[in-house]
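Q: PDB, C-alpha atoms, file work.pdb:
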```
ATOM      1  CA  MET K   1       0.000   0.000   0.000  1.00  0.00           C
ATOM      2  CA  ASN K   2       3.046   2.302   0.343  1.00  0.00           C
ATOM      3  CA  GLN K   3       3.593   2.204  -3.418  1.00  0.00           C
ATOM      4  CA  ARG K   4       1.405   4.202  -5.775  1.00  0.00           C
ATOM      5  CA  ILE K   5      -1.519   2.173  -7.004  1.00  0.00           C
ATOM      6  CA  SER K   6      -1.191   1.461 -10.707  1.00  0.00           C
ATOM      7  CA  LEU K   7      -4.170   3.094 -12.401  1.00  0.00           C
ATOM      8  CA  LEU K   8      -3.689   3.675 -16.070  1.00  0.00           C
ATOM      9  CA  ILE K   9      -3.504   1.247 -18.984  1.00  0.00           C
ATOM     10  CA  ASN K  10      -0.242   1.304 -20.946  1.00  0.00           C
ATOM     11  CA  GLY K  11      -0.797   2.641 -24.476  1.00  0.00           C
ATOM     12  CA  VAL K  12       2.495   1.429 -25.927  1.00  0.00           C
ATOM     13  CA  LEU K  13       0.944  -1.738 -27.402  1.00  0.00           C
ATOM     14  CA  ALA K  14      -1.802   0.228 -29.143  1.00  0.00           C
ATOM     15  CA  ILE K  15       0.737   2.606 -30.693  1.00  0.00           C
ATOM     16  CA  ALA K  16       2.901  -0.303 -31.825  1.00  0.00           C
ATOM     17  CA  VAL K  17      -0.085  -1.926 -33.561  1.00  0.00           C
ATOM     18  CA  ILE K  18      -0.887   1.314 -35.368  1.00  0.00           C
ATOM     19  CA  ILE K  19       2.716   1.694 -36.560  1.00  0.00           C
ATOM     20  CA  LEU K  20       2.808  -1.945 -37.670  1.00  0.00           C
ATOM     21  CA  PHE K  21      -0.415  -1.496 -39.620  1.00  0.00           C
ATOM     22  CA  ILE K  22       0.748   1.669 -41.386  1.00  0.00           C
ATOM     23  CA  LEU K  23       4.166   0.236 -42.243  1.00  0.00           C
ATOM     24  CA  HIS K  24       2.512  -2.880 -43.642  1.00  0.00           C
ATOM     25  CA  PHE K  25       0.431  -0.958 -46.175  1.00  0.00           C
ATOM     26  CA  GLN K  26       3.208   1.507 -47.021  1.00  0.00           C
ATOM     27  CA  GLY K  27       5.550  -1.379 -47.775  1.00  0.00           C
ATOM     28  CA  GLN K  28       3.219  -3.266 -50.098  1.00  0.00           C
ATOM     29  CA  LYS K  29       4.439  -3.468 -53.703  1.00  0.00           C
ATOM     30  CA  ALA K  30       1.084  -4.582 -55.121  1.00  0.00           C
ATOM     31  CA  GLN K  31      -1.131  -2.183 -57.019  1.00  0.00           C
ATOM     32  CA  VAL K  32      -3.672  -0.332 -54.910  1.00  0.00           C
ATOM     33  CA  ALA K  33      -6.923   1.061 -56.291  1.00  0.00           C
ATOM     34  CA  ASN K  34      -8.971   3.712 -54.501  1.00  0.00           C
ATOM     35  CA  VAL K  35     -12.703   3.475 -55.131  1.00  0.00           C
ATOM     36  CA  ALA K  36     -15.024   6.244 -53.951  1.00  0.00           C
ATOM     37  CA  VAL K  37     -18.193   4.956 -52.278  1.00  0.00           C
ATOM     38  CA  GLY K  38     -20.456   7.717 -50.965  1.00  0.00           C
ATOM     39  CA  ASP K  39     -18.473   9.746 -48.436  1.00  0.00           C
ATOM     40  CA  SER K  40     -15.894   7.038 -47.746  1.00  0.00           C
ATOM     41  CA  THR K  41     -12.987   5.499 -49.613  1.00  0.00           C
ATOM     42  CA  ILE K  42     -12.355   1.777 -49.949  1.00  0.00           C
ATOM     43  CA  ILE K  43      -8.836   0.385 -50.387  1.00  0.00           C
ATOM     44  CA  VAL K  44      -8.575  -2.699 -52.589  1.00  0.00           C
ATOM     45  CA  GLU K  45      -5.287  -4.583 -52.363  1.00  0.00           C
ATOM     46  CA  ASP K  46      -4.614  -8.194 -53.265  1.00  0.00           C
ATOM     47  CA  ASP K  47      -8.312  -8.993 -52.723  1.00  0.00           C
ATOM     48  CA  LEU K  48      -8.132  -7.314 -49.314  1.00  0.00           C
ATOM     49  CA  VAL K  49     -10.922  -4.748 -48.876  1.00  0.00           C
ATOM     50  CA  ILE K  50     -11.008  -2.514 -45.793  1.00  0.00           C
ATOM     51  CA  ASP K  51     -12.310   0.892 -44.838  1.00  0.00           C
ATOM     52  CA  SER K  52      -9.709   3.576 -45.329  1.00  0.00           C
ATOM     53  CA  LEU K  53      -7.732   4.779 -42.354  1.00  0.00           C
ATOM     54  CA  PRO K  54      -8.582   8.230 -40.992  1.00  0.00           C
ATOM     55  CA  ASN K  55      -6.550  11.064 -42.431  1.00  0.00           C
ATOM     56  CA  LEU K  56      -4.329  11.835 -39.459  1.00  0.00           C
ATOM     57  CA  GLY K  57      -3.410  15.191 -40.922  1.00  0.00           C
ATOM     58  CA  SER K  58      -6.886  16.711 -41.122  1.00  0.00           C
ATOM     59  CA  ASN K  59      -9.530  17.786 -38.622  1.00  0.00           C
ATOM     60  CA  ASN K  60      -7.381  16.774 -35.682  1.00  0.00           C
ATOM     61  CA  GLY K  61      -6.315  18.943 -32.792  1.00  0.00           C
ATOM     62  CA  ALA K  62      -3.494  19.268 -30.351  1.00  0.00           C
ATOM     63  CA  ILE K  63      -1.934  16.702 -28.043  1.00  0.00           C
ATOM     64  CA  ALA K  64      -2.084  17.578 -24.345  1.00  0.00           C
ATOM     65  CA  PHE K  65      -0.673  15.985 -21.210  1.00  0.00           C
ATOM     66  CA  ILE K  66      -1.499  15.817 -17.506  1.00  0.00           C
ATOM     67  CA  ASP K  67       1.210  15.765 -14.849  1.00  0.00           C
ATOM     68  CA  PHE K  68       0.158  12.560 -13.107  1.00  0.00           C
ATOM     69  CA  GLU K  69       2.036  13.251  -9.875  1.00  0.00           C
ATOM     70  CA  GLU K  70       0.401  16.652  -9.576  1.00  0.00           C
ATOM     71  CA  LEU K  71      -2.994  15.147 -10.402  1.00  0.00           C
ATOM     72  CA  THR K  72      -2.751  12.511  -7.678  1.00  0.00           C
ATOM     73  CA  LYS K  73      -1.478  15.028  -5.137  1.00  0.00           C
ATOM     74  CA  LYS K  74      -4.182  17.615  -5.742  1.00  0.00           C
ATOM     75  CA  TYR K  75      -7.274  15.770  -7.014  1.00  0.00           C
ATOM     76  CA  GLN K  76      -9.413  15.415  -3.901  1.00  0.00           C
ATOM     77  CA  PHE K  77     -11.339  12.356  -5.127  1.00  0.00           C
ATOM     78  CA  TYR K  78      -8.073  10.480  -5.616  1.00  0.00           C
ATOM     79  CA  LYS K  79      -6.638  11.629  -2.274  1.00  0.00           C
ATOM     80  CA  ASP K  80      -9.802  10.605  -0.401  1.00  0.00           C
ATOM     81  CA  GLY K  81      -9.941   7.263  -2.198  1.00  0.00           C
ATOM     82  CA  ILE K  82      -6.329   6.384  -1.378  1.00  0.00           C
ATOM     83  CA  SER K  83      -6.835   7.453   2.215  1.00  0.00           C
ATOM     84  CA  ASN K  84      -9.918   5.241   2.532  1.00  0.00           C
ATOM     85  CA  LEU K  85      -8.055   2.273   1.048  1.00  0.00           C
ATOM     86  CA  GLU K  86      -5.126   2.750   3.410  1.00  0.00           C
ATOM     87  CA  ASN K  87      -7.391   3.075   6.449  1.00  0.00           C
ATOM     88  CA  ASP K  88      -9.310  -0.037   5.421  1.00  0.00           C
ATOM     89  CA  PHE K  89      -6.036  -1.904   5.002  1.00  0.00           C
ATOM     90  CA  LYS K  90      -4.882  -0.853   8.468  1.00  0.00           C
ATOM     91  CA  ARG K  91      -8.167  -1.984  10.036  1.00  0.00           C
ATOM     92  CA  LYS K  92      -7.971  -5.374   8.370  1.00  0.00           C
ATOM     93  CA  GLU K  93      -4.296  -5.710   9.210  1.00  0.00           C
ATOM     94  CA  THR K  94      -5.081  -5.022  12.884  1.00  0.00           C
ATOM     95  CA  GLU K  95      -7.975  -7.495  12.851  1.00  0.00           C
ATOM     96  CA  PHE K  96      -5.808 -10.232  11.383  1.00  0.00           C
ATOM     97  CA  ALA K  97      -2.880  -9.487  13.705  1.00  0.00           C
ATOM     98  CA  LYS K  98      -5.098  -9.923  16.790  1.00  0.00           C
ATOM     99  CA  LYS K  99      -6.399 -13.277  15.637  1.00  0.00           C
ATOM    100  CA  GLN K 100      -2.931 -14.408  14.655  1.00  0.00           C
ATOM    101  CA  LYS K 101      -1.589 -13.462  18.087  1.00  0.00           C
ATOM    102  CA  THR K 102      -4.384 -15.431  19.783  1.00  0.00           C
ATOM    103  CA  TYR K 103      -3.560 -18.477  17.660  1.00  0.00           C
ATOM    104  CA  GLU K 104       0.154 -18.249  18.448  1.00  0.00           C
ATOM    105  CA  GLU K 105      -0.610 -17.975  22.191  1.00  0.00           C
ATOM    106  CA  ASN K 106      -2.840 -21.046  21.994  1.00  0.00           C
ATOM    107  CA  VAL K 107      -0.081 -22.985  20.225  1.00  0.00           C
ATOM    108  CA  GLY K 108       2.432 -21.893  22.866  1.00  0.00           C
ATOM    109  CA  ARG K 109       0.221 -23.019  25.760  1.00  0.00           C
ATOM    110  CA  TYR K 110      -0.401 -26.369  24.113  1.00  0.00           C
ATOM    111  CA  GLN K 111       3.309 -26.960  23.593  1.00  0.00           C
ATOM    112  CA  GLN K 112       3.931 -26.289  27.282  1.00  0.00           C
ATOM    113  CA  LEU K 113       1.224 -28.706  28.422  1.00  0.00           C
ATOM    114  CA  ALA K 114       1.445 -31.357  25.692  1.00  0.00           C
ATOM    115  CA  GLN K 115       3.622 -33.778  27.646  1.00  0.00           C
ATOM    116  CA  SER K 116       1.266 -33.791  30.627  1.00  0.00           C
ATOM    117  CA  LEU K 117      -1.915 -34.344  28.602  1.00  0.00           C
ATOM    118  CA  ALA K 118      -3.544 -37.689  27.946  1.00  0.00           C
ATOM    119  CA  PRO K 119      -3.180 -38.913  24.314  1.00  0.00           C
ATOM    120  CA  GLU K 120      -6.846 -38.401  23.489  1.00  0.00           C
ATOM    121  CA  VAL K 121      -6.740 -34.861  24.918  1.00  0.00           C
ATOM    122  CA  ARG K 122      -3.597 -34.072  22.904  1.00  0.00           C
ATOM    123  CA  GLU K 123      -5.203 -35.380  19.752  1.00  0.00           C
ATOM    124  CA  LYS K 124      -8.329 -33.267  20.232  1.00  0.00           C
ATOM    125  CA  ARG K 125      -6.274 -30.152  21.053  1.00  0.00           C
ATOM    126  CA  GLU K 126      -4.131 -30.597  17.956  1.00  0.00           C
ATOM    127  CA  LYS K 127      -7.225 -30.911  15.767  1.00  0.00           C
ATOM    128  CA  ASP K 128      -8.616 -27.738  17.327  1.00  0.00           C
ATOM    129  CA  LEU K 129      -5.374 -25.877  16.617  1.00  0.00           C
ATOM    130  CA  MET K 130      -5.321 -27.120  13.034  1.00  0.00           C
ATOM    131  CA  GLN K 131      -8.878 -25.873  12.556  1.00  0.00           C
ATOM    132  CA  GLU K 132      -7.957 -22.551  14.153  1.00  0.00           C
ATOM    133  CA  GLU K 133      -5.009 -22.232  11.768  1.00  0.00           C
ATOM    134  CA  GLN K 134      -7.225 -23.014   8.762  1.00  0.00           C
ATOM    135  CA  THR K 135      -9.743 -20.397   9.870  1.00  0.00           C
ATOM    136  CA  LEU K 136      -6.924 -17.871  10.200  1.00  0.00           C
ATOM    137  CA  LEU K 137      -5.665 -18.607   6.676  1.00  0.00           C
ATOM    138  CA  GLU K 138      -9.177 -18.264   5.248  1.00  0.00           C
ATOM    139  CA  LEU K 139      -9.557 -14.928   7.005  1.00  0.00           C
ATOM    140  CA  ARG K 140      -6.257 -13.742   5.533  1.00  0.00           C
ATOM    141  CA  ASP K 141      -7.340 -14.707   2.011  1.00  0.00           C
ATOM    142  CA  ARG K 142     -10.765 -13.115   2.477  1.00  0.00           C
ATOM    143  CA  LEU K 143      -9.262  -9.837   3.684  1.00  0.00           C
ATOM    144  CA  ARG K 144      -6.831  -9.759   0.770  1.00  0.00           C
ATOM    145  CA  SER K 145      -9.609 -10.430  -1.723  1.00  0.00           C
ATOM    146  CA  ASP K 146     -11.790  -7.728  -0.205  1.00  0.00           C
ATOM    147  CA  LEU K 147      -8.984  -5.182  -0.386  1.00  0.00           C
ATOM    148  CA  ALA K 148      -8.206  -6.118  -3.996  1.00  0.00           C
ATOM    149  CA  ASP K 149     -11.872  -5.688  -4.974  1.00  0.00           C
ATOM    150  CA  LYS K 150     -12.071  -2.278  -3.326  1.00  0.00           C
ATOM    151  CA  GLU K 151      -8.843  -1.169  -5.005  1.00  0.00           C
ATOM    152  CA  GLU K 152     -10.115  -2.330  -8.398  1.00  0.00           C
ATOM    153  CA  ASN K 153     -13.418  -0.486  -7.948  1.00  0.00           C
ATOM    154  CA  PHE K 154     -11.582   2.662  -6.918  1.00  0.00           C
ATOM    155  CA  ASN K 155      -9.352   2.447  -9.995  1.00  0.00           C
ATOM    156  CA  LYS K 156     -12.388   2.023 -12.270  1.00  0.00           C
ATOM    157  CA  ASN K 157     -14.177   4.995 -10.719  1.00  0.00           C
ATOM    158  CA  PHE K 158     -11.058   7.148 -10.977  1.00  0.00           C
ATOM    159  CA  LEU K 159     -10.570   6.319 -14.654  1.00  0.00           C
ATOM    160  CA  LYS K 160     -14.278   6.818 -15.353  1.00  0.00           C
ATOM    161  CA  LYS K 161     -14.257  10.315 -13.859  1.00  0.00           C
ATOM    162  CA  LEU K 162     -11.080  11.188 -15.758  1.00  0.00           C
ATOM    163  CA  ASP K 163     -12.419   9.823 -19.036  1.00  0.00           C
ATOM    164  CA  GLU K 164     -15.800  11.553 -18.744  1.00  0.00           C
ATOM    165  CA  TYR K 165     -14.203  14.924 -18.084  1.00  0.00           C
ATOM    166  CA  LEU K 166     -11.592  14.573 -20.826  1.00  0.00           C
ATOM    167  CA  LYS K 167     -14.268  13.728 -23.399  1.00  0.00           C
ATOM    168  CA  VAL K 168     -16.029  17.012 -22.639  1.00  0.00           C
ATOM    169  CA  LEU K 169     -12.793  18.996 -22.484  1.00  0.00           C
ATOM    170  CA  SER K 170     -11.479  17.520 -25.733  1.00  0.00           C
ATOM    171  CA  LYS K 171     -14.658  18.482 -27.594  1.00  0.00           C
ATOM    172  CA  GLU K 172     -14.254  22.050 -26.394  1.00  0.00           C
ATOM    173  CA  LYS K 173     -10.502  22.271 -27.042  1.00  0.00           C
ATOM    174  CA  ASN K 174     -10.257  19.817 -29.980  1.00  0.00           C
ATOM    175  CA  TYR K 175      -7.612  17.585 -28.390  1.00  0.00           C
ATOM    176  CA  SER K 176      -6.744  14.452 -30.341  1.00  0.00           C
ATOM    177  CA  TYR K 177      -4.861  12.781 -27.501  1.00  0.00           C
ATOM    178  CA  VAL K 178      -4.323  13.396 -23.805  1.00  0.00           C
ATOM    179  CA  PHE K 179      -1.427  11.706 -22.022  1.00  0.00           C
ATOM    180  CA  THR K 180      -0.430  11.350 -18.403  1.00  0.00           C
ATOM    181  CA  TYR K 181       3.164  12.266 -17.779  1.00  0.00           C
ATOM    182  CA  VAL K 182       5.629  11.453 -15.021  1.00  0.00           C
ATOM    183  CA  LYS K 183       9.159  12.731 -15.551  1.00  0.00           C
ATOM    184  CA  GLY K 184      11.501   9.873 -16.404  1.00  0.00           C
ATOM    185  CA  ASN K 185       8.673   7.408 -17.109  1.00  0.00           C
ATOM    186  CA  PRO K 186       6.807   6.519 -20.312  1.00  0.00           C
ATOM    187  CA  ALA K 187       3.723   8.599 -21.062  1.00  0.00           C
ATOM    188  CA  THR K 188       0.350   6.833 -21.065  1.00  0.00           C
ATOM    189  CA  ILE K 189      -2.654   7.679 -23.232  1.00  0.00           C
ATOM    190  CA  VAL K 190      -5.764   8.412 -21.146  1.00  0.00           C
ATOM    191  CA  TYR K 191      -7.884   9.919 -23.933  1.00  0.00           C
ATOM    192  CA  ALA K 192      -7.946   9.458 -27.710  1.00  0.00           C
ATOM    193  CA  LYS K 193     -10.432  10.946 -30.153  1.00  0.00           C
ATOM    194  CA  ASP K 194     -12.900   8.311 -31.374  1.00  0.00           C
ATOM    195  CA  THR K 195     -12.333   9.267 -35.015  1.00  0.00           C
ATOM    196  CA  LEU K 196      -8.720   8.096 -34.684  1.00  0.00           C
ATOM    197  CA  ASN K 197      -9.734   4.608 -33.615  1.00  0.00           C
ATOM    198  CA  ILE K 198      -8.585   2.187 -36.340  1.00  0.00           C
ATOM    199  CA  SER K 199      -9.140  -0.998 -34.325  1.00  0.00           C
ATOM    200  CA  SER K 200     -11.739  -2.495 -36.668  1.00  0.00           C
ATOM    201  CA  GLN K 201      -9.631  -1.814 -39.763  1.00  0.00           C
ATOM    202  CA  VAL K 202      -6.520  -3.298 -38.175  1.00  0.00           C
ATOM    203  CA  ILE K 203      -8.369  -6.394 -36.982  1.00  0.00           C
ATOM    204  CA  GLU K 204     -10.062  -6.924 -40.344  1.00  0.00           C
ATOM    205  CA  ALA K 205      -6.801  -6.483 -42.248  1.00  0.00           C
ATOM    206  CA  LEU K 206      -4.803  -8.771 -39.976  1.00  0.00           C
ATOM    207  CA  ASN K 207      -7.487 -11.469 -40.125  1.00  0.00           C
ATOM    208  CA  GLN K 208      -7.601 -11.224 -43.914  1.00  0.00           C
ATOM    209  CA  GLN K 209      -3.820 -11.350 -44.117  1.00  0.00           C
ATOM    210  CA  TYR K 210      -3.744 -14.388 -41.867  1.00  0.00           C
ATOM    211  CA  LYS K 211      -6.465 -16.084 -43.909  1.00  0.00           C
ATOM    212  CA  ASN K 212      -4.636 -15.402 -47.209  1.00  0.00           C
ATOM    213  CA  LYS K 213      -1.429 -16.997 -45.902  1.00  0.00           C
ATOM    214  CA  LYS K 214      -3.087 -20.266 -44.857  1.00  0.00           C
TER     215      LYS K 214
END
```
Re-express the file's structure as structure tokens.
A:
Amino acid sequence: MNQRISLLINGVLAIAVIILFILHFQGQKAQVANVAVGDSTIIVEDDLVIDSLPNLGSNNGAIAFIDFEELTKKYQFYKDGISNLENDFKRKETEFAKKQKTYEENVGRYQQLAQSLAPEVREKREKDLMQEEQTLLELRDRLRSDLADKEENFNKNFLKKLDEYLKVLSKEKNYSYVFTYVKGNPATIVYAKDTLNISSQVIEALNQQYKNKK
């Protein structure tokens, strides 16, 4: 919990796919025919038909960035959320520590008295301690799972608030991309204009390419 919770999805893979896609079609030696269909253009290449990629040079705005360290230090929702997670962790840690201490004391008392106990009494006490240990382990796993769920929900809410605001801001300011930035670390895309999304074209082209090579 002392380390910053990882919140944002790395955009490097998405950028790499875009570059790969563009390089693939720039490097093709086959003839390419452009056919106008209504308001869109279709690219025909070696029997591969896909919607044209968006013109990255037109109708697109600036690229902006957010200082992530400053955001997490000053955004009250984030500060309150982290504080709540840390307090919850401390409460659960204290709860578990008390039960663990009780178990260890019970084990210590048994070890001191074991030699003086009748065999059947020892056997029953050992079973009880084993059950107590199992209960303790289940509690540990349950507390960990609960904390992980709360952290995941917090991350989702944080990203949702950021995304909703950036969509509005980007419409007003015509941003194409918004990155988060931490000095010395890779930047991460937190907003991209929908018109720049070429996922369907890339997927269709890669599937067609894969099918053609079978």
Q: Restricting the calculation to all atoms listed in the file, which member of K:Asn207, K:Asn106, K:Tyr78, K:Leu137 is positioned closest to K:Lys161?
A: K:Tyr78
Q: If you measure from atom CA of K:Ala192 to atom CA of K:Asn153, what distance in Å do you get, rounded to one decimal?
A: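 Calculated distance between atom CA of K:Ala192 and atom CA of K:Asn153 is 22.8 Å.
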Q: Please indicate the distance in Å from atom CA of K:Val182 to atom CA of K:Lys156, rounded to one decimal place.
A: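 Pair atom CA of K:Val182 / atom CA of K:Lys156 returns 20.5 Å.
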Q: Between atom CA of K:Lys79 and atom CA of K:Tyr165, what is the distance in Å, rounded to a tenth?
A: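 Calculated distance between atom CA of K:Lys79 and atom CA of K:Tyr165 is 17.8 Å.
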Q: When the PyMOL selection byres ((chain K and resi 175) around 6) is applied to the file above, which residues end up in the set, as a list in words?
A: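 When the PyMOL selection byres ((chain K and resi 175) around 6) is applied to the shown file, the picked residues are Gly61, Ala62, Ile63, Ser170, Lys173, Asn174, Ser176 and Tyr177 of chain K.
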Q: Closest to K:Ala64 among K:Ala187, K:Ile198, K:Val178, K:Leu139, using all atoms listed in the file?
A: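 Among K:Ala187, K:Ile198, K:Val178, K:Leu139, it is K:Val178 that comes nearest to K:Ala64.
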Q: Considering all atoms listed in the file, can you say which of K:Tyr103, K:Phe68, K:Tyr110, K:Tyr191 comes closest to K:Lys160?
A: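 Of all the options, K:Tyr191 lies closest to K:Lys160.
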Q: Mind telling me what the PyMOL selection byres ((chain K and resi 83) around 12) catches here, as a list in words?
A: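 For this structure, the PyMOL selection byres ((chain K and resi 83) around 12) resolves to Met1, Asn2, Arg4, Ile5, Thr72, Lys73, Gln76, Phe77, Tyr78, Lys79, Asp80, Gly81, Ile82, Asn84, Leu85, Glu86, Asn87, Asp88, Phe89, Lys90, Glu151 and Phe154 of chain K.
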Q: I'd like the neighbourhood of K:Ile66 as a PyMOL selection string, where a residue qualifies if any of its atoms comes within 7 Å (using all atoms listed in the file), though same-chain residues fewer than 2 positions away should be ignored.
A: chain K and resi 68+179-181
Q: For this file, the PyMOL selection byres ((chain K and resi 99) around 12) selects which residues, as a PyMOL selection string?
A: chain K and resi 92-98+100-106+132-140
